[in-house]
>>> print(open('start_28.pdb').read())   # PDB, C-alpha atoms and all ligand atoms
ATOM      1  CA  MET A 220      11.793   0.860  16.896
ATOM      2  CA  VAL A 221       8.164   0.946  18.074
ATOM      3  CA  ALA A 222       5.719   0.320  15.213
ATOM      4  CA  LYS A 223       3.764   3.475  14.499
ATOM      5  CA  ALA A 224       0.559   4.555  12.813
ATOM      6  CA  GLU A 225      -1.040   7.885  12.223
ATOM      7  CA  ILE A 226      -4.678   8.686  11.573
ATOM      8  CA  HIS A 227      -4.657  12.499  11.448
ATOM      9  CA  CYS A 228      -2.540  14.215   8.824
ATOM     10  CA  HIS A 229      -3.552  16.716   6.137
ATOM     11  CA  ILE A 230      -1.869  15.743   2.880
ATOM     12  CA  GLU A 231      -1.143  19.312   1.779
ATOM     13  CA  GLY A 232       0.251  19.925   5.278
ATOM     14  CA  ALA A 233       2.618  16.981   4.878
ATOM     15  CA  ALA A 234       4.610  18.664   2.098
ATOM     16  CA  GLY A 235       8.099  19.242   3.446
ATOM     17  CA  PRO A 236      10.327  22.219   2.552
ATOM     18  CA  ALA A 237      12.572  20.128   0.266
ATOM     19  CA  LEU A 238       9.657  18.918  -1.860
ATOM     20  CA  VAL A 239       8.078  22.381  -1.914
ATOM     21  CA  ARG A 240      11.387  23.833  -3.090
ATOM     22  CA  THR A 241      11.429  21.330  -5.987
ATOM     23  CA  GLN A 242       7.863  22.274  -6.879
ATOM     24  CA  ALA A 243       8.708  25.987  -6.712
ATOM     25  CA  GLU A 244      11.549  25.439  -9.181
ATOM     26  CA  LYS A 245       9.218  23.502 -11.448
ATOM     27  CA  TYR A 246       6.690  26.365 -11.520
ATOM     28  CA  GLY A 247       9.117  29.280 -11.193
ATOM     29  CA  ALA A 248       7.621  30.464  -7.902
ATOM     30  CA  ASP A 249       9.299  32.504  -5.178
ATOM     31  CA  ILE A 250       9.068  30.816  -1.777
ATOM     32  CA  SER A 251      11.667  32.876   0.095
ATOM     33  CA  VAL A 252       8.965  34.349   2.368
ATOM     34  CA  ILE A 253       7.841  30.933   3.655
ATOM     35  CA  ILE A 254      11.028  28.842   3.772
ATOM     36  CA  ARG A 255      14.249  29.850   5.479
ATOM     37  CA  ASP A 256      17.110  27.488   6.382
ATOM     38  CA  ASP A 257      15.056  24.544   5.093
ATOM     39  CA  ALA A 258      12.202  25.220   7.538
ATOM     40  CA  TYR A 259       8.829  26.908   7.215
ATOM     41  CA  VAL A 260       8.610  30.356   8.779
ATOM     42  CA  TRP A 261       5.389  31.708  10.300
ATOM     43  CA  SER A 262       4.521  33.505  13.519
ATOM     44  CA  ASP A 263       0.783  33.220  14.262
ATOM     45  CA  PHE A 264      -2.357  31.454  13.024
ATOM     46  CA  THR A 265      -2.860  33.920  10.161
ATOM     47  CA  THR A 266       0.702  33.679   8.840
ATOM     48  CA  PHE A 267       0.605  29.903   9.357
ATOM     49  CA  LEU A 268      -2.425  29.727   7.031
ATOM     50  CA  GLN A 269      -0.691  31.980   4.477
ATOM     51  CA  CYS A 270       2.440  29.828   4.585
ATOM     52  CA  TYR A 271       0.320  26.673   4.167
ATOM     53  CA  ASP A 272      -1.559  28.226   1.281
ATOM     54  CA  ILE A 273       1.542  29.287  -0.663
ATOM     55  CA  ALA A 274       3.081  25.817  -0.256
ATOM     56  CA  SER A 275      -0.062  23.904  -1.205
ATOM     57  CA  ARG A 276      -0.605  26.001  -4.338
ATOM     58  CA  LEU A 277       2.561  24.468  -5.767
ATOM     59  CA  PHE A 278       0.769  21.130  -6.224
ATOM     60  CA  ARG A 279      -1.187  21.527  -9.417
ATOM     61  CA  SER A 280      -1.216  18.310 -11.428
ATOM     62  CA  GLN A 281      -2.164  14.685 -10.897
ATOM     63  CA  GLU A 282       1.527  13.758 -10.884
ATOM     64  CA  ASP A 283       2.316  16.497  -8.327
ATOM     65  CA  TYR A 284      -0.164  14.884  -5.926
ATOM     66  CA  ALA A 285       1.175  11.388  -6.659
ATOM     67  CA  LEU A 286       4.641  12.639  -5.772
ATOM     68  CA  LEU A 287       3.321  14.346  -2.618
ATOM     69  CA  ALA A 288       1.594  11.197  -1.308
ATOM     70  CA  GLU A 289       4.516   8.969  -2.245
ATOM     71  CA  THR A 290       7.088  11.249  -0.580
ATOM     72  CA  TYR A 291       5.056  11.614   2.624
ATOM     73  CA  LEU A 292       4.319   7.879   2.942
ATOM     74  CA  ARG A 293       7.868   6.719   2.148
ATOM     75  CA  ASP A 294       9.180   9.110   4.781
ATOM     76  CA  LEU A 295       6.586   7.904   7.276
ATOM     77  CA  ALA A 296       7.509   4.258   6.604
ATOM     78  CA  ALA A 297      11.158   5.143   7.265
ATOM     79  CA  GLN A 298      10.019   6.421  10.690
ATOM     80  CA  GLY A 299       8.545   2.995  11.477
ATOM     81  CA  ALA A 300       4.919   3.599  10.448
ATOM     82  CA  ILE A 301       2.884   0.705   9.060
ATOM     83  CA  TYR A 302      -0.300   2.697   8.446
ATOM     84  CA  SER A 303      -1.423   6.210   7.607
ATOM     85  CA  GLU A 304      -4.767   7.837   7.118
ATOM     86  CA  PHE A 305      -4.656  11.301   5.680
ATOM     87  CA  PHE A 306      -7.155  14.059   4.981
ATOM     88  CA  ILE A 307      -7.804  15.201   1.466
ATOM     89  CA  SER A 308      -9.804  18.223   0.356
ATOM     90  CA  THR A 309     -11.439  18.358  -3.046
ATOM     91  CA  ASP A 310     -11.860  22.118  -2.398
ATOM     92  CA  HIS A 311      -8.049  22.384  -2.414
ATOM     93  CA  ALA A 312      -7.930  20.497  -5.705
ATOM     94  CA  ILE A 313     -10.413  22.841  -7.308
ATOM     95  CA  SER A 314      -8.550  25.951  -6.119
ATOM     96  CA  ALA A 315      -5.350  24.398  -7.528
ATOM     97  CA  GLY A 316      -7.116  24.193 -10.882
ATOM     98  CA  LEU A 317      -7.372  20.412 -10.839
ATOM     99  CA  THR A 318     -10.442  18.205 -11.096
ATOM    100  CA  PRO A 319     -11.277  16.276  -7.893
ATOM    101  CA  GLU A 320     -10.970  13.044  -9.917
ATOM    102  CA  ALA A 321      -7.381  13.821 -10.973
ATOM    103  CA  TYR A 322      -6.551  14.840  -7.383
ATOM    104  CA  VAL A 323      -7.842  11.574  -5.865
ATOM    105  CA  ASP A 324      -6.323   9.431  -8.651
ATOM    106  CA  GLY A 325      -2.955  11.164  -8.260
ATOM    107  CA  LEU A 326      -2.890  10.643  -4.499
ATOM    108  CA  ALA A 327      -3.966   7.000  -4.927
ATOM    109  CA  GLU A 328      -1.141   6.441  -7.419
ATOM    110  CA  GLY A 329       1.366   7.811  -4.889
ATOM    111  CA  MET A 330      -0.091   5.565  -2.172
ATOM    112  CA  LEU A 331       0.330   2.475  -4.350
ATOM    113  CA  ARG A 332       3.914   3.426  -5.215
ATOM    114  CA  ALA A 333       4.788   3.919  -1.545
ATOM    115  CA  ARG A 334       3.155   0.621  -0.587
ATOM    116  CA  ALA A 335       5.066  -1.229  -3.308
ATOM    117  CA  ALA A 336       8.332   0.280  -2.047
ATOM    118  CA  THR A 337       7.839   0.020   1.729
ATOM    119  CA  GLY A 338       4.712  -2.014   2.570
ATOM    120  CA  ILE A 339       2.992   0.966   4.226
ATOM    121  CA  GLU A 340      -0.794   0.760   4.084
ATOM    122  CA  ALA A 341      -2.825   3.965   3.730
ATOM    123  CA  ARG A 342      -6.324   5.360   3.271
ATOM    124  CA  MET A 343      -7.780   8.793   2.522
ATOM    125  CA  ILE A 344     -10.429  10.733   4.444
ATOM    126  CA  ALA A 345     -12.348  13.246   2.363
ATOM    127  CA  THR A 346     -13.011  16.507   4.195
ATOM    128  CA  GLY A 347     -15.184  19.530   3.968
ATOM    129  CA  LEU A 348     -13.829  22.850   5.206
ATOM    130  CA  ARG A 349     -15.869  24.281   8.039
ATOM    131  CA  HIS A 350     -15.242  27.890   7.069
ATOM    132  CA  GLU A 351     -16.787  27.139   3.654
ATOM    133  CA  GLY A 352     -20.076  26.785   5.555
ATOM    134  CA  PRO A 353     -22.702  24.014   5.603
ATOM    135  CA  GLN A 354     -23.266  24.189   1.844
ATOM    136  CA  GLY A 355     -19.570  23.860   1.093
ATOM    137  CA  VAL A 356     -19.194  20.855   3.395
ATOM    138  CA  GLU A 357     -22.332  19.304   1.929
ATOM    139  CA  ARG A 358     -20.903  19.789  -1.560
ATOM    140  CA  ALA A 359     -17.700  17.987  -0.541
ATOM    141  CA  ALA A 360     -19.733  15.149   1.044
ATOM    142  CA  ARG A 361     -21.939  14.788  -1.993
ATOM    143  CA  TRP A 362     -19.002  14.713  -4.391
ATOM    144  CA  ILE A 363     -17.296  11.898  -2.537
ATOM    145  CA  ALA A 364     -20.586  10.023  -2.108
ATOM    146  CA  ASP A 365     -21.110  10.232  -5.874
ATOM    147  CA  HIS A 366     -17.505   9.249  -6.687
ATOM    148  CA  PRO A 367     -16.632   6.290  -4.458
ATOM    149  CA  HIS A 368     -12.969   5.244  -4.427
ATOM    150  CA  PRO A 369     -11.650   2.117  -2.646
ATOM    151  CA  LEU A 370      -8.934   4.120  -0.876
ATOM    152  CA  VAL A 371     -11.262   6.900   0.334
ATOM    153  CA  THR A 372     -12.897   5.339   3.380
ATOM    154  CA  GLY A 373     -13.821   8.228   5.631
ATOM    155  CA  PHE A 374     -15.320  11.678   5.756
ATOM    156  CA  GLY A 375     -14.394  14.501   8.095
ATOM    157  CA  MET A 376     -14.421  18.221   8.598
ATOM    158  CA  ALA A 377     -11.412  20.466   9.099
ATOM    159  CA  GLY A 378     -11.038  24.235   8.915
ATOM    160  CA  ASP A 379     -11.865  26.983  11.380
ATOM    161  CA  GLU A 380     -13.686  25.439  14.352
ATOM    162  CA  ARG A 381     -14.850  28.846  15.559
ATOM    163  CA  MET A 382     -17.276  29.160  12.664
ATOM    164  CA  HIS A 383     -20.811  27.702  12.580
ATOM    165  CA  GLU A 384     -22.385  25.115  14.905
ATOM    166  CA  PRO A 385     -21.932  21.330  14.564
ATOM    167  CA  LYS A 386     -25.669  20.854  13.973
ATOM    168  CA  ASP A 387     -25.395  22.997  10.814
ATOM    169  CA  PHE A 388     -23.344  20.205   9.244
ATOM    170  CA  ALA A 389     -25.570  17.241  10.200
ATOM    171  CA  ARG A 390     -26.901  16.861   6.668
ATOM    172  CA  ALA A 391     -23.414  16.739   5.107
ATOM    173  CA  PHE A 392     -22.380  14.024   7.555
ATOM    174  CA  ASP A 393     -25.584  12.058   6.906
ATOM    175  CA  ILE A 394     -24.767  12.064   3.180
ATOM    176  CA  ALA A 395     -21.266  10.718   3.914
ATOM    177  CA  ARG A 396     -22.524   8.126   6.405
ATOM    178  CA  ASP A 397     -25.208   6.911   3.981
ATOM    179  CA  ALA A 398     -22.445   6.457   1.386
ATOM    180  CA  GLY A 399     -20.721   4.031   3.782
ATOM    181  CA  LEU A 400     -17.948   6.382   4.874
ATOM    182  CA  ALA A 401     -16.624   6.310   8.444
ATOM    183  CA  ILE A 402     -16.832   9.594  10.340
ATOM    184  CA  THR A 403     -14.356  11.809  12.164
ATOM    185  CA  VAL A 404     -14.527  15.525  12.878
ATOM    186  CA  HIS A 405     -12.133  18.199  14.142
ATOM    187  CA  ALA A 406     -13.378  19.557  17.490
ATOM    188  CA  GLY A 407     -12.034  20.590  20.873
ATOM    189  CA  GLU A 408      -8.907  22.256  19.504
ATOM    190  CA  LEU A 409      -9.595  25.983  19.054
ATOM    191  CA  CYS A 410     -12.919  25.635  20.910
ATOM    192  CA  GLY A 411     -13.770  23.897  24.159
ATOM    193  CA  ALA A 412     -15.908  21.056  25.489
ATOM    194  CA  ASP A 413     -19.176  22.388  24.020
ATOM    195  CA  SER A 414     -17.777  22.017  20.521
ATOM    196  CA  VAL A 415     -16.864  18.355  21.174
ATOM    197  CA  ARG A 416     -20.274  17.658  22.703
ATOM    198  CA  GLY A 417     -22.039  19.287  19.741
ATOM    199  CA  ALA A 418     -19.997  17.206  17.298
ATOM    200  CA  LEU A 419     -20.851  13.974  19.152
ATOM    201  CA  ASP A 420     -24.555  14.837  19.385
ATOM    202  CA  HIS A 421     -25.108  15.986  15.815
ATOM    203  CA  LEU A 422     -22.411  14.400  13.645
ATOM    204  CA  ARG A 423     -22.002  11.033  15.456
ATOM    205  CA  PRO A 424     -18.299  10.416  14.718
ATOM    206  CA  SER A 425     -16.364   7.353  15.894
ATOM    207  CA  ARG A 426     -13.299   9.584  16.253
ATOM    208  CA  ILE A 427     -12.607  13.208  17.082
ATOM    209  CA  GLY A 428      -9.741  15.170  15.523
ATOM    210  CA  HIS A 429      -7.858  16.612  18.509
ATOM    211  CA  GLY A 430     -10.672  16.632  21.113
ATOM    212  CA  VAL A 431      -8.086  17.537  23.729
ATOM    213  CA  ARG A 432     -10.055  20.442  25.185
ATOM    214  CA  ALA A 433     -12.664  17.921  26.340
ATOM    215  CA  ILE A 434     -10.466  17.908  29.433
ATOM    216  CA  GLU A 435     -12.260  21.128  30.487
ATOM    217  CA  ASP A 436     -15.387  19.091  31.305
ATOM    218  CA  PRO A 437     -15.111  15.932  33.454
ATOM    219  CA  ALA A 438     -18.576  14.694  32.404
ATOM    220  CA  LEU A 439     -17.530  14.880  28.758
ATOM    221  CA  VAL A 440     -14.290  13.020  29.467
ATOM    222  CA  GLU A 441     -16.398  10.302  31.088
ATOM    223  CA  ARG A 442     -18.661  10.175  28.041
ATOM    224  CA  LEU A 443     -15.694   9.846  25.648
ATOM    225  CA  ALA A 444     -14.326   6.952  27.704
ATOM    226  CA  ARG A 445     -17.707   5.233  28.036
ATOM    227  CA  ASP A 446     -18.578   5.536  24.342
ATOM    228  CA  GLU A 447     -15.032   4.538  23.309
ATOM    229  CA  ILE A 448     -14.588   7.595  21.114
ATOM    230  CA  VAL A 449     -11.028   7.672  19.811
ATOM    231  CA  LEU A 450      -9.135  10.974  19.971
ATOM    232  CA  GLU A 451      -6.641  11.819  17.233
ATOM    233  CA  VAL A 452      -4.212  13.712  19.451
ATOM    234  CA  CYS A 453      -1.499  15.861  17.849
ATOM    235  CA  PRO A 454       0.594  17.278  20.722
ATOM    236  CA  GLY A 455       3.208  19.067  18.579
ATOM    237  CA  SER A 456       0.462  20.862  16.653
ATOM    238  CA  ASN A 457      -1.271  21.891  19.882
ATOM    239  CA  ILE A 458       1.934  23.379  21.278
ATOM    240  CA  ALA A 459       2.866  25.108  17.994
ATOM    241  CA  LEU A 460      -0.573  26.759  17.785
ATOM    242  CA  GLY A 461      -0.630  27.665  21.477
ATOM    243  CA  VAL A 462      -3.656  25.498  22.383
ATOM    244  CA  PHE A 463      -1.596  24.571  25.469
ATOM    245  CA  ALA A 464       1.314  26.571  26.832
ATOM    246  CA  SER A 465       3.636  23.597  27.386
ATOM    247  CA  TYR A 466       3.828  19.806  27.258
ATOM    248  CA  ASP A 467       3.437  19.840  31.048
ATOM    249  CA  ALA A 468       0.001  21.402  30.538
ATOM    250  CA  HIS A 469      -0.983  19.006  27.735
ATOM    251  CA  PRO A 470      -3.921  16.769  28.755
ATOM    252  CA  LEU A 471      -3.003  13.566  26.864
ATOM    253  CA  PRO A 472      -1.804  11.738  30.011
ATOM    254  CA  ARG A 473      -4.903  12.794  31.981
ATOM    255  CA  LEU A 474      -7.257  11.752  29.192
ATOM    256  CA  ARG A 475      -5.514   8.401  28.958
ATOM    257  CA  ASP A 476      -5.660   7.888  32.726
ATOM    258  CA  ALA A 477      -9.395   8.622  32.571
ATOM    259  CA  GLY A 478      -9.806   5.730  30.148
ATOM    260  CA  VAL A 479     -10.157   7.755  26.919
ATOM    261  CA  ARG A 480      -8.752   6.017  23.844
ATOM    262  CA  VAL A 481      -5.956   8.299  22.655
ATOM    263  CA  THR A 482      -3.695   8.047  19.612
ATOM    264  CA  LEU A 483      -0.774  10.066  18.242
ATOM    265  CA  SER A 484      -0.573  11.939  14.951
ATOM    266  CA  SER A 485       1.386  14.797  13.421
ATOM    267  CA  ASP A 486      -1.378  16.951  11.758
ATOM    268  CA  ASP A 487       0.732  19.182   9.419
ATOM    269  CA  PRO A 488       4.180  17.901  10.427
ATOM    270  CA  PRO A 489       6.763  20.148   8.682
ATOM    271  CA  PHE A 490       4.680  23.263   9.380
ATOM    272  CA  PHE A 491       4.768  22.449  13.098
ATOM    273  CA  HIS A 492       8.415  21.396  12.882
ATOM    274  CA  THR A 493       7.508  17.869  13.906
ATOM    275  CA  SER A 494       7.165  14.335  12.531
ATOM    276  CA  LEU A 495       5.305  11.230  13.648
ATOM    277  CA  ALA A 496       8.541   9.842  15.125
ATOM    278  CA  GLN A 497       8.979  13.079  17.056
ATOM    279  CA  GLU A 498       5.410  12.837  18.426
ATOM    280  CA  TYR A 499       6.198   9.352  19.761
ATOM    281  CA  GLU A 500       9.412  10.737  21.243
ATOM    282  CA  THR A 501       7.448  13.579  22.852
ATOM    283  CA  ALA A 502       5.072  11.067  24.440
ATOM    284  CA  ARG A 503       8.055   9.146  25.770
ATOM    285  CA  ARG A 504       9.896  12.174  27.106
ATOM    286  CA  HIS A 505       7.104  14.481  28.300
ATOM    287  CA  PHE A 506       4.276  12.050  29.076
ATOM    288  CA  GLY A 507       6.430   9.275  30.557
ATOM    289  CA  MET A 508       5.171   6.584  28.183
ATOM    290  CA  ASP A 509       7.291   3.469  27.659
ATOM    291  CA  ASP A 510       7.483   1.222  24.560
ATOM    292  CA  ALA A 511       4.458  -0.815  25.665
ATOM    293  CA  ALA A 512       2.333   2.309  26.157
ATOM    294  CA  LEU A 513       3.447   3.712  22.797
ATOM    295  CA  LEU A 514       2.637   0.444  21.026
ATOM    296  CA  ASP A 515      -0.729   0.509  22.745
ATOM    297  CA  MET A 516      -1.507   3.845  21.071
ATOM    298  CA  THR A 517      -0.469   2.405  17.694
ATOM    299  CA  ARG A 518      -2.823  -0.512  18.324
ATOM    300  CA  THR A 519      -5.660   1.899  19.147
ATOM    301  CA  SER A 520      -5.025   3.734  15.857
ATOM    302  CA  ILE A 521      -5.269   0.459  13.912
ATOM    303  CA  GLU A 522      -8.384  -0.597  15.836
ATOM    304  CA  ALA A 523      -9.978   2.750  14.992
ATOM    305  CA  ALA A 524      -8.703   2.837  11.397
ATOM    306  CA  PHE A 525     -11.170   3.241   8.559
ATOM    307  CA  VAL A 526     -10.262  -0.060   6.883
ATOM    308  CA  ASP A 527     -11.973  -3.372   6.136
ATOM    309  CA  GLU A 528     -11.594  -6.068   8.795
ATOM    310  CA  GLU A 529      -9.162  -8.163   6.750
ATOM    311  CA  THR A 530      -6.749  -5.226   6.393
ATOM    312  CA  ARG A 531      -7.168  -4.400  10.091
ATOM    313  CA  ASP A 532      -6.283  -7.995  11.092
ATOM    314  CA  THR A 533      -3.214  -7.937   8.828
ATOM    315  CA  LEU A 534      -2.051  -4.647  10.362
ATOM    316  CA  LEU A 535      -2.694  -5.806  13.935
ATOM    317  CA  ALA A 536      -0.701  -8.971  13.218
ATOM    318  CA  ARG A 537       2.254  -6.800  12.213
ATOM    319  CA  LEU A 538       2.259  -5.282  15.717
ATOM    320  CA  GLY A 539       3.087  -8.705  17.176
TER     321      GLY A 539
HETATM  322 ZN    ZN B 601      -6.058  18.529  11.628
END
>>> encode(input="start_28.pdb", output="structure tokens")
Amino acid sequence: MVAKAEIHCHIEGAAGPALVRTQAEKYGADISVIIRDDAYVWSDFTTFLQCYDIASRLFRSQEDYALLAETYLRDLAAQGAIYSEFFISTDHAISAGLTPEAYVDGLAEGMLRARAATGIEARMIATGLRHEGPQGVERAARWIADHPHPLVTGFGMAGDERMHEPKDFARAFDIARDAGLAITVHAGELCGADSVRGALDHLRPSRIGHGVRAIEDPALVERLARDEIVLEVCPGSNIALGVFASYDAHPLPRLRDAGVRVTLSSDDPPFFHTSLAQEYETARRHFGMDDAALLDMTRTSIEAAFVDEETRDTLLARLG
């Protein structure tokens, strides 16, 4: 089995139907509209968000989040992963009625349990939600800057890419950077090359979440390769959301051939009916990548991981 790593997964989006069913029983909630035959059911971006929302509202306590992180990471380790970096959102915690402290502590507890059981290493990336606007993202950045945690090592922005301009968020990212957090940002998924360029110019990330629509602009592709910006590519997510019509049309192989540093991740795996192992299988089957090429992407993920150098060396050594 090829050693795997993932650096782009939203923790609430990693909750599988089985776990969500357990949570629904715990809180007496009806989930028949979102889960059928042990799979999530949705039909477009709006119903996907509704489905996601109903599922994530079933995580309400510190222990719920510990269980969520532990379940996700144990499952990932069973797929051959040695490392995971996942997005957290203190805004989600607050809307679940939990303090951000209890949310982060719960997730950290689950990470430690999973590491004790399987050896999987993990870190969290705090995020602001773009559709909450510059003030909302700044609030998220400031909270994490004021509450440092050893397992929260990055800051990013998720949410609806079609809203606001990257430059509107420069201040939030400066706050995070000044607090010593590494930077990634979602761009080039729902919007095109301009969105990626704006993110690079104004937010100065070392990685881009998705970034795949950079392919629309050859000069931008060249810039990504030259500046060694790492793309967190999630092919299954892109296909599920219709960013590309088919795997044949997916630009990962072309980006890689152009010298861009690409990696593989699963984004919101059960919602897109995928898993990290399935993403690696997709790359093998649809992009013609062999074991060496797949391991190369894992290595890129570890090289780009938001960890201290000692942890990075330990992880790289595990790749052989
Ligand atoms: Zn994402």
>>> resolve_selection(input="start_28.pdb", expression="the PyMOL selection byres (((chain A and resi 384) around 12) and not hetatm)", output="list in words")
Arg349, His350, Gly352, Pro353, Asp379, Glu380, Arg381, Met382, His383, Pro385, Lys386, Asp387, Phe388, Ala389, Ala406, Cys410, Asp413, Ser414, Val415, Arg416, Gly417, Ala418, Asp420, His421 and Leu422 of chain A
>>> write_last_selection(input="start_28.pdb", atoms="C-alpha atoms", output="mmCIF file, keeping the file's coordinate frame")
data_model
loop_
_atom_site.group_PDB
_atom_site.id
_atom_site.type_symbol
_atom_site.label_atom_id
_atom_site.label_comp_id
_atom_site.auth_asym_id
_atom_site.auth_seq_id
_atom_site.Cartn_x
_atom_site.Cartn_y
_atom_site.Cartn_z
ATOM 1 C CA ARG A 349 -15.869 24.281 8.039
ATOM 2 C CA HIS A 350 -15.242 27.890 7.069
ATOM 3 C CA GLY A 352 -20.076 26.785 5.555
ATOM 4 C CA PRO A 353 -22.702 24.014 5.603
ATOM 5 C CA ASP A 379 -11.865 26.983 11.380
ATOM 6 C CA GLU A 380 -13.686 25.439 14.352
ATOM 7 C CA ARG A 381 -14.850 28.846 15.559
ATOM 8 C CA MET A 382 -17.276 29.160 12.664
ATOM 9 C CA HIS A 383 -20.811 27.702 12.580
ATOM 10 C CA PRO A 385 -21.932 21.330 14.564
ATOM 11 C CA LYS A 386 -25.669 20.854 13.973
ATOM 12 C CA ASP A 387 -25.395 22.997 10.814
ATOM 13 C CA PHE A 388 -23.344 20.205 9.244
ATOM 14 C CA ALA A 389 -25.570 17.241 10.200
ATOM 15 C CA ALA A 406 -13.378 19.557 17.490
ATOM 16 C CA CYS A 410 -12.919 25.635 20.910
ATOM 17 C CA ASP A 413 -19.176 22.388 24.020
ATOM 18 C CA SER A 414 -17.777 22.017 20.521
ATOM 19 C CA VAL A 415 -16.864 18.355 21.174
ATOM 20 C CA ARG A 416 -20.274 17.658 22.703
ATOM 21 C CA GLY A 417 -22.039 19.287 19.741
ATOM 22 C CA ALA A 418 -19.997 17.206 17.298
ATOM 23 C CA ASP A 420 -24.555 14.837 19.385
ATOM 24 C CA HIS A 421 -25.108 15.986 15.815
ATOM 25 C CA LEU A 422 -22.411 14.400 13.645
#
>>> residues_around(input="start_28.pdb", residues="range 454-467 of chain A", least_positions_apart="2", cutoff="10 Å", atoms="only C-alpha atoms", output="PDB file with C-alpha atoms, keeping the file's coordinate frame")
ATOM      1  CA  SER A 262       4.521  33.505  13.519  1.00  0.00           C
ATOM      2  CA  ASP A 263       0.783  33.220  14.262  1.00  0.00           C
ATOM      3  CA  PHE A 264      -2.357  31.454  13.024  1.00  0.00           C
ATOM      4  CA  PHE A 267       0.605  29.903   9.357  1.00  0.00           C
ATOM      5  CA  GLY A 407     -12.034  20.590  20.873  1.00  0.00           C
ATOM      6  CA  GLU A 408      -8.907  22.256  19.504  1.00  0.00           C
ATOM      7  CA  LEU A 409      -9.595  25.983  19.054  1.00  0.00           C
ATOM      8  CA  CYS A 410     -12.919  25.635  20.910  1.00  0.00           C
ATOM      9  CA  HIS A 429      -7.858  16.612  18.509  1.00  0.00           C
ATOM     10  CA  VAL A 431      -8.086  17.537  23.729  1.00  0.00           C
ATOM     11  CA  ARG A 432     -10.055  20.442  25.185  1.00  0.00           C
ATOM     12  CA  GLU A 451      -6.641  11.819  17.233  1.00  0.00           C
ATOM     13  CA  VAL A 452      -4.212  13.712  19.451  1.00  0.00           C
ATOM     14  CA  HIS A 469      -0.983  19.006  27.735  1.00  0.00           C
ATOM     15  CA  PRO A 470      -3.921  16.769  28.755  1.00  0.00           C
ATOM     16  CA  LEU A 471      -3.003  13.566  26.864  1.00  0.00           C
ATOM     17  CA  PRO A 472      -1.804  11.738  30.011  1.00  0.00           C
ATOM     18  CA  LEU A 483      -0.774  10.066  18.242  1.00  0.00           C
ATOM     19  CA  SER A 484      -0.573  11.939  14.951  1.00  0.00           C
ATOM     20  CA  SER A 485       1.386  14.797  13.421  1.00  0.00           C
ATOM     21  CA  ASP A 486      -1.378  16.951  11.758  1.00  0.00           C
ATOM     22  CA  ASP A 487       0.732  19.182   9.419  1.00  0.00           C
ATOM     23  CA  PRO A 488       4.180  17.901  10.427  1.00  0.00           C
ATOM     24  CA  PHE A 490       4.680  23.263   9.380  1.00  0.00           C
ATOM     25  CA  PHE A 491       4.768  22.449  13.098  1.00  0.00           C
ATOM     26  CA  HIS A 492       8.415  21.396  12.882  1.00  0.00           C
ATOM     27  CA  THR A 493       7.508  17.869  13.906  1.00  0.00           C
ATOM     28  CA  SER A 494       7.165  14.335  12.531  1.00  0.00           C
ATOM     29  CA  LEU A 495       5.305  11.230  13.648  1.00  0.00           C
ATOM     30  CA  GLN A 497       8.979  13.079  17.056  1.00  0.00           C
ATOM     31  CA  GLU A 498       5.410  12.837  18.426  1.00  0.00           C
ATOM     32  CA  TYR A 499       6.198   9.352  19.761  1.00  0.00           C
ATOM     33  CA  THR A 501       7.448  13.579  22.852  1.00  0.00           C
ATOM     34  CA  ALA A 502       5.072  11.067  24.440  1.00  0.00           C
ATOM     35  CA  ARG A 504       9.896  12.174  27.106  1.00  0.00           C
ATOM     36  CA  HIS A 505       7.104  14.481  28.300  1.00  0.00           C
ATOM     37  CA  PHE A 506       4.276  12.050  29.076  1.00  0.00           C
TER      38      PHE A 506
END
>>> residues_around(input="start_28.pdb", residues="Met516 in chain A", least_positions_apart="3", cutoff="8 Å", atoms="only C-alpha atoms", output="compact mmCIF listing (two decimals) with C-alpha atoms, in the frame of the given file")
# COMPACT_ATOMS: atom_id res chain seq x y z
CA VAL A 481 -5.96 8.30 22.66
CA THR A 482 -3.70 8.05 19.61
CA LEU A 483 -0.77 10.07 18.24
CA ALA A 512 2.33 2.31 26.16
CA LEU A 513 3.45 3.71 22.80
CA THR A 519 -5.66 1.90 19.15
CA SER A 520 -5.03 3.73 15.86
>>> atom_distance(input="start_28.pdb", atom1="CA of Asp310 in chain A", atom2="CA of Ile402 in chain A")
18.5 Å
>>> closest_residue(input="start_28.pdb", among="A:Arg390, A:Arg426, A:Arg442, A:His405", to="ligand ZN 601 (chain B)", atoms="only C-alpha atoms and all ligand atoms")
A:His405
>>> closest_atom_pairs(input="start_28.pdb", of="chain A", to="ligand ZN 601 (chain B)", cutoff="7 Å", atoms="all atoms listed in the file", output="tab-separated table")
residue	atom	partner	partner_atom	distance
A:His227	CA	B:ZN601	ZN	6.2
A:Cys228	CA	B:ZN601	ZN	6.2
A:His229	CA	B:ZN601	ZN	6.3
A:Ala377	CA	B:ZN601	ZN	6.2
A:His405	CA	B:ZN601	ZN	6.6
A:Gly428	CA	B:ZN601	ZN	6.3
A:Asp486	CA	B:ZN601	ZN	4.9
>>> residues_around(input="start_28.pdb", residues="Thr346 in chain A", least_positions_apart="3", cutoff="12 Å", atoms="only C-alpha atoms", output="VMD selection string")
chain A and resid 227 to 230 305 to 312 343 349 to 351 355 to 364 371 to 378 391 to 392 395 400 to 405 428
>>> closest_atom_pairs(input="start_28.pdb", of="range 234-338 of chain A", to="range 523-539 of chain A", cutoff="8 Å", atoms="all atoms listed in the file", output="CSV")
residue,atom,partner,partner_atom,distance
A:Ile301,CA,A:Leu534,CA,7.4
A:Tyr302,CA,A:Leu534,CA,7.8
A:Glu304,CA,A:Ala524,CA,7.7
>>> resolve_selection(input="start_28.pdb", expression="the PyMOL selection byres (((chain A and resi 242) around 12) and not hetatm)", output="list of chain:residue names")
A:Ala234, A:Gly235, A:Pro236, A:Ala237, A:Leu238, A:Val239, A:Arg240, A:Thr241, A:Ala243, A:Glu244, A:Lys245, A:Tyr246, A:Gly247, A:Ala248, A:Asp249, A:Ile250, A:Ile273, A:Ala274, A:Ser275, A:Arg276, A:Leu277, A:Phe278, A:Arg279, A:Ser280, A:Glu282, A:Asp283, A:Tyr284, A:Leu286, A:Leu287
